[in-house]
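Peer 1: Please find one structure pasted underneath; my questions will follow.
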Amino acid sequence: MSARWLAGKVGAAALTLLFVLIFNFFLFRAVGDPTTQLARLPGATDAEIAQLREDYGLDKPLFGQFVDYLGDTARLDLGVSQKSREEVWDEILHALPWTLLLVGTGTLLATLIGSWMGVVAATKRGTKTDDGLLGFSLFTYAAPEYWIGIILILVFAVWLPWFPAGQQVTPGVEFTSWFAEAWNVVDHLVLPATAMTLMLLGQYFLIMRSSMVDVMTEDFITVKRAIGLPRERVINRHAVPNALLPLVTISAIQFGAVAGGAITIETIFSWPGLGELSYNAIADKDYPMLQGTFLVFSFGVIFANLLADCLYFFLDPRVKSK
Amino acid sequence: MSRERVKDLLLGTWRGRFGITVLGLAIFVAIFGPLLAPYDAYASSTDVLQPPSWSHPLGTTESGSDVLSQLLVGARVSIVVGFAAALISAVLGSLVGLAGGYYGGWTDRGLDALENWFLVIPTLPLMIVLARVLEPSLTVLIAVIGLTSWAGTGRIVRAQVLTLRERAFVERARALGAKDGYIIRTHILPNTLPLIFANTVLIVAVAILSEAALAFLGLGDPTRISWGTMLENAFSSSAPSAGAWWYVIPPGLCITMVVLAVSVLGYLFEEYVNPRLNEAEAV
């Protein structure tokens, strides 16, 4: 039963991915004959273009090209960047850890702080604390994350020069130990990770708050209180664990927003991840790079969704029994 | 929605008053902004990155334009794109949701898969790819945002139609020989419209944020000033490192306030349409 459920989920994810590949292939094909872009390469001769046409298989029929494209993608051959002339996959591979570091830190902090704030607000419902937390998270929810990033730079890098405003390490510094280097990276991570956290915080807060409010009105909580357990203990031991489940669902919905945030926040902080690669590809009209980063973002989000589904499956006994 | 009830909703709570005031102000500026602007927002001068003064209440930009004038002129793009894209998304979402929910079967499965795809795929990267390939303009922005944000509406409409389809008054109409088109027009759609409306208001907020993000990434309409392009220009001319707070804070604050106002109104309508939310999600 559970194997079938898992197979269904994996199948759906694979289908979504196939749609992405079809979309990616035809969209960039629709821009016109890619040789018109190849011709923009500086100093490309007619012979070179003809050679590239053959290399890319552009003389074949469309379906043949699509099959080739699937094969290439499966072998992680995503083409060559029109800007740097490096392999797209190599550049993505270099950028990926930086994005994962930023996104991972931001998501972790947002989940912890957001849900903690949610619990506090729900248990102090209707007080000034609740109103304040609510106002704060609605504001961060509505504010563009790159604007929050700019303000962080303005305050914590320009006015109060506490943190560096860009890049992942101080350029040109020889580090004496790996620890010194790691500490330098952490220093650079503070502002972009704060921007990412503030961007995601609101959603976690709102969900946790309403989930807690729901749980607190349930009978078993009233019973626990009635048998004389202290309020603190009932909240921490009984209400919070039962209110956590919707967070898993919401984290799945958030993955798309996370990908968007990675693009804008990395741009602001010159953080050398996938987002910055996309931003540069937009400006340079570097289509292979844009196609490659879109594919990786989509794959990441689809995969993360699948993981969240599985987590949900293991956490919620009600899904299992169905 | 009864008139009295809507009036109560909008003016009876501070959330409603805040939403209506800010959104009303934004629409007013979107219409009359260019007339109110003290300077030509597109004109450059030699007074580069000047802090606020009596002649320039919000200072100047990196090319010496008046920030306040750009702010007043830029409202139009945000509001127009926000509402136009939300309208496209509402129409698409309603059509897909109605068709899937009402007809069921393979139509539903196909449309559901399509919706799923749009829900799962990261929206901003998708919009970036589309906008880049199509060359940015106001129309392209509206189309790209509208075409990528309808899936949530589709889901909600479908769920509502599924419950309506089984209700007695619909079955009665069907038993009396009413055609599908008639049932949808007279029974299903009118009972779904309030929900579509509430959802569309929320989509306006998403669309305004999307326009700003695309413009910030250099994919805005290059011939028009918007709050997003202001942030783009400020960022790419290093105004943040120059400490030019008067240039970087106002456009973002305007976006945030309008998005906040629209979201608050959207949630109010949603609570009104779906009273079950009242208890649990009283935000």
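Following the order of the structure tokens, chains are lettered A, B, ..., residues in each are numbered from 1, and ligands are numbered from 1.
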Give the helix (DSSP H, G or I) residues of segment 164-283 of chain A, as DSSP finds them on the backbone, and put them as a PyMOL selection string.

Peer 2: chain A and resi 178-216+219-226+231-243+245-268+274-283

Peer 1: At a cut-off of 10 Å, using only C-alpha atoms, what residues contact Ile92 of chain A? Leave out same-chain residues fewer than 3 positions from it and give the result as a VMD selection string.

Peer 2: chain A and resid 78 87 to 89 95 to 97 273 to 274 277 to 278 289 292 to 293 296

Peer 1: Could you pull the residues within 9 Å of Val120 of chain A, counting only C-alpha atoms, minus those fewer than 4 positions along the same chain, as an MDAnalysis selection string?

Peer 2: chainID A and resid 115:116 124:125 129:130 133 209

Peer 1: Counting only C-alpha atoms, give me one row per residue of chain A with an atom at most 8 Å from an atom of chain B, showing the shortest contact pair and its distance in Å to one decimal, sorted by chain then residue number, as a Markdown table.

Peer 2:
| residue | atom | partner | partner_atom | distance |
| --- | --- | --- | --- | --- |
| A:Thr16 | CA | B:Trp117 | CA | 6.0 |
| A:Phe19 | CA | B:Trp117 | CA | 7.7 |
| A:Leu27 | CA | B:Val133 | CA | 7.7 |
| A:Phe28 | CA | B:Val133 | CA | 7.3 |
| A:Val31 | CA | B:Val133 | CA | 6.3 |
| A:Leu134 | CA | B:Val283 | CA | 7.6 |
| A:Leu138 | CA | B:Leu260 | CA | 7.3 |
| A:Phe139 | CA | B:Leu260 | CA | 7.1 |
| A:Ala142 | CA | B:Thr256 | CA | 5.3 |
| A:Ala143 | CA | B:Thr256 | CA | 4.5 |
| A:Pro144 | CA | B:Leu209 | CA | 6.8 |
| A:Trp147 | CA | B:Gly252 | CA | 5.8 |
| A:Ile150 | CA | B:Pro240 | CA | 6.4 |
| A:Ile151 | CA | B:Ile249 | CA | 7.4 |
| A:Ile153 | CA | B:Pro240 | CA | 6.8 |
| A:Leu154 | CA | B:Pro240 | CA | 5.6 |
| A:Ala157 | CA | B:Ser241 | CA | 7.9 |
| A:Val158 | CA | B:Ser241 | CA | 6.1 |
| A:Trp159 | CA | B:Gly243 | CA | 7.4 |
| A:Leu206 | CA | B:Val283 | CA | 8.0 |
| A:Ser210 | CA | B:Glu281 | CA | 5.6 |
| A:Ser211 | CA | B:Ala280 | CA | 7.8 |
| A:Val213 | CA | B:Ala280 | CA | 6.7 |
| A:Asp214 | CA | B:Ala280 | CA | 6.1 |
| A:Ile253 | CA | B:Val120 | CA | 8.0 |
| A:Phe255 | CA | B:Pro122 | CA | 7.4 |
| A:Gly256 | CA | B:Pro122 | CA | 4.0 |
| A:Ala257 | CA | B:Pro122 | CA | 6.8 |
| A:Ala259 | CA | B:Pro122 | CA | 6.4 |
| A:Gly260 | CA | B:Leu124 | CA | 5.0 |
| A:Thr264 | CA | B:Leu217 | CA | 7.4 |
| A:Ile268 | CA | B:Phe235 | CA | 7.7 |
| A:Tyr279 | CA | B:Leu217 | CA | 6.8 |
| A:Ile282 | CA | B:Arg132 | CA | 6.7 |
| A:Ala283 | CA | B:Gly218 | CA | 7.1 |
| A:Lys285 | CA | B:Arg132 | CA | 7.5 |
| A:Leu290 | CA | B:Val129 | CA | 7.0 |
| A:Gln291 | CA | B:Val129 | CA | 7.6 |
| A:Phe294 | CA | B:Pro125 | CA | 6.0 |
| A:Phe297 | CA | B:Pro122 | CA | 7.2 |
| A:Ser298 | CA | B:Ile121 | CA | 5.7 |
| A:Val301 | CA | B:Pro122 | CA | 6.9 |
| A:Ile302 | CA | B:Val120 | CA | 6.6 |
| A:Asn305 | CA | B:Val120 | CA | 7.8 |

Peer 1: Export, as a CSV table (one decimal), in the first residue's frame, the selected residues with N, CA and C atoms.

Peer 2:
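So result.csv came out as:
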chain,number,residue,atom,x,y,z
A,16,THR,N,5.9,15.8,-14.1
A,16,THR,CA,6.1,17.2,-14.0
A,16,THR,C,7.4,17.6,-14.6
A,19,PHE,N,7.3,17.5,-18.3
A,19,PHE,CA,6.7,18.8,-18.8
A,19,PHE,C,7.7,19.9,-18.9
A,27,LEU,N,10.2,26.3,-25.8
A,27,LEU,CA,10.3,27.7,-25.6
A,27,LEU,C,11.5,28.3,-26.2
A,28,PHE,N,12.6,27.7,-26.0
A,28,PHE,CA,13.9,28.2,-26.5
A,28,PHE,C,14.0,28.0,-28.0
A,31,VAL,N,12.2,30.8,-29.9
A,31,VAL,CA,12.8,32.1,-30.0
A,31,VAL,C,13.3,32.2,-31.5
A,134,LEU,N,2.1,39.9,14.6
A,134,LEU,CA,1.2,39.8,13.4
A,134,LEU,C,1.6,40.9,12.4
A,138,LEU,N,3.3,40.3,8.7
A,138,LEU,CA,2.6,40.7,7.5
A,138,LEU,C,3.4,41.7,6.7
A,139,PHE,N,4.1,42.6,7.4
A,139,PHE,CA,5.0,43.5,6.7
A,139,PHE,C,6.1,42.8,5.9
A,142,ALA,N,4.7,41.1,2.9
A,142,ALA,CA,4.3,41.9,1.7
A,142,ALA,C,5.5,42.6,1.1
A,143,ALA,N,6.6,42.8,1.9
A,143,ALA,CA,7.7,43.6,1.3
A,143,ALA,C,8.5,42.7,0.4
A,144,PRO,N,9.0,43.3,-0.8
A,144,PRO,CA,9.9,42.6,-1.7
A,144,PRO,C,11.2,42.2,-1.0
A,147,TRP,N,14.2,44.3,-1.6
A,147,TRP,CA,14.2,45.6,-1.0
A,147,TRP,C,14.6,45.5,0.5
A,150,ILE,N,18.3,45.3,0.4
A,150,ILE,CA,18.9,46.6,0.2
A,150,ILE,C,18.9,47.4,1.5
A,151,ILE,N,17.8,47.3,2.2
A,151,ILE,CA,17.8,48.0,3.5
A,151,ILE,C,18.8,47.5,4.5
A,153,ILE,N,21.6,46.1,3.7
A,153,ILE,CA,22.9,46.7,3.3
A,153,ILE,C,23.1,48.1,3.8
A,154,LEU,N,22.0,48.9,3.6
A,154,LEU,CA,22.0,50.3,4.0
A,154,LEU,C,22.3,50.4,5.5
A,157,ALA,N,25.6,47.5,6.6
A,157,ALA,CA,26.9,47.5,5.9
A,157,ALA,C,27.4,48.9,5.6
A,158,VAL,N,26.5,49.9,5.5
A,158,VAL,CA,26.9,51.2,5.2
A,158,VAL,C,26.9,52.1,6.4
A,159,TRP,N,25.7,52.2,7.1
A,159,TRP,CA,25.7,53.1,8.3
A,159,TRP,C,26.5,52.5,9.4
A,206,LEU,N,2.3,32.7,10.2
A,206,LEU,CA,0.8,32.7,10.1
A,206,LEU,C,0.3,31.3,10.2
A,210,SER,N,-2.2,30.0,13.3
A,210,SER,CA,-3.5,29.5,13.1
A,210,SER,C,-3.7,28.0,13.5
A,211,SER,N,-2.6,27.3,13.2
A,211,SER,CA,-2.6,25.9,13.6
A,211,SER,C,-2.7,25.7,15.1
A,213,VAL,N,-3.8,27.9,17.3
A,213,VAL,CA,-5.2,28.4,17.7
A,213,VAL,C,-6.2,27.3,17.6
A,214,ASP,N,-6.1,26.5,16.4
A,214,ASP,CA,-7.0,25.4,16.2
A,214,ASP,C,-6.8,24.3,17.3
A,253,ILE,N,4.9,24.4,-0.2
A,253,ILE,CA,4.4,25.5,-1.0
A,253,ILE,C,5.5,26.6,-1.1
A,255,PHE,N,8.7,26.3,-1.5
A,255,PHE,CA,9.9,26.0,-2.3
A,255,PHE,C,10.0,26.9,-3.5
A,256,GLY,N,8.8,27.1,-4.1
A,256,GLY,CA,8.8,28.0,-5.3
A,256,GLY,C,9.3,29.4,-5.0
A,257,ALA,N,8.8,29.9,-3.9
A,257,ALA,CA,9.2,31.2,-3.4
A,257,ALA,C,10.6,31.3,-3.1
A,259,ALA,N,13.0,29.6,-4.5
A,259,ALA,CA,13.8,29.7,-5.7
A,259,ALA,C,13.8,31.1,-6.2
A,260,GLY,N,12.6,31.8,-6.2
A,260,GLY,CA,12.6,33.2,-6.6
A,260,GLY,C,13.4,34.1,-5.7
A,264,THR,N,16.7,36.9,-6.5
A,264,THR,CA,16.8,38.3,-6.2
A,264,THR,C,17.8,38.6,-5.1
A,268,ILE,N,21.3,40.9,-5.2
A,268,ILE,CA,21.6,42.0,-4.3
A,268,ILE,C,23.0,41.9,-3.6
A,279,TYR,N,20.7,35.7,-13.0
A,279,TYR,CA,20.6,37.2,-13.2
A,279,TYR,C,21.6,37.6,-14.3
A,282,ILE,N,20.2,36.6,-17.7
A,282,ILE,CA,19.1,37.5,-18.1
A,282,ILE,C,19.7,38.7,-18.9
A,283,ALA,N,20.7,39.4,-18.2
A,283,ALA,CA,21.3,40.6,-18.8
A,283,ALA,C,22.1,40.2,-20.1
A,285,LYS,N,21.5,37.8,-22.1
A,285,LYS,CA,20.7,37.0,-23.0
A,285,LYS,C,21.4,35.6,-23.3
A,290,LEU,N,20.4,30.3,-19.1
A,290,LEU,CA,19.0,30.6,-18.5
A,290,LEU,C,18.2,29.3,-18.5
A,291,GLN,N,18.3,28.5,-19.6
A,291,GLN,CA,17.6,27.2,-19.7
A,291,GLN,C,18.1,26.3,-18.6
A,294,PHE,N,17.0,27.4,-15.1
A,294,PHE,CA,15.6,27.1,-14.9
A,294,PHE,C,15.3,25.6,-14.7
A,297,PHE,N,16.5,24.8,-11.1
A,297,PHE,CA,15.5,25.3,-10.1
A,297,PHE,C,14.3,24.4,-10.1
A,298,SER,N,13.8,24.1,-11.3
A,298,SER,CA,12.5,23.3,-11.3
A,298,SER,C,12.7,22.0,-10.7
A,301,VAL,N,12.9,22.2,-7.0
A,301,VAL,CA,11.6,22.4,-6.4
A,301,VAL,C,10.7,21.1,-6.4
A,302,ILE,N,10.7,20.5,-7.6
A,302,ILE,CA,9.9,19.2,-7.7
A,302,ILE,C,10.4,18.2,-6.7
A,305,ASN,N,9.5,19.1,-3.2
A,305,ASN,CA,8.0,18.8,-3.0
A,305,ASN,C,7.8,17.3,-2.7

Peer 1: So that I can see what lies close to segment 166-174 of chain A, please list as a PyMOL selection string the residues with an atom at most 8 Å from it, counting only C-alpha atoms and leaving out residues fewer than 6 positions away in the same chain.

Peer 2: chain A and resi 181+184-185+188-189+268-272

Peer 1: List as a PyMOL selection string the protein and nucleic acid residues near segment 79-86 of chain B, meaning an atom at most 7 Å away when only C-alpha atoms are counted, but skip any in the same chain fewer than 2 places from it.

Peer 2: chain B and resi 27+30+75-77+88-90+142-143+145-146+200+203-205+207-208+211

Peer 1: So which residues touch Leu72 of chain B within 8 Å, counting only C-alpha atoms, skipping near sequence neighbours fewer than 4 positions away, as a ChimeraX atom specification?

Peer 2: /B:29-30,33-34,36-37,68
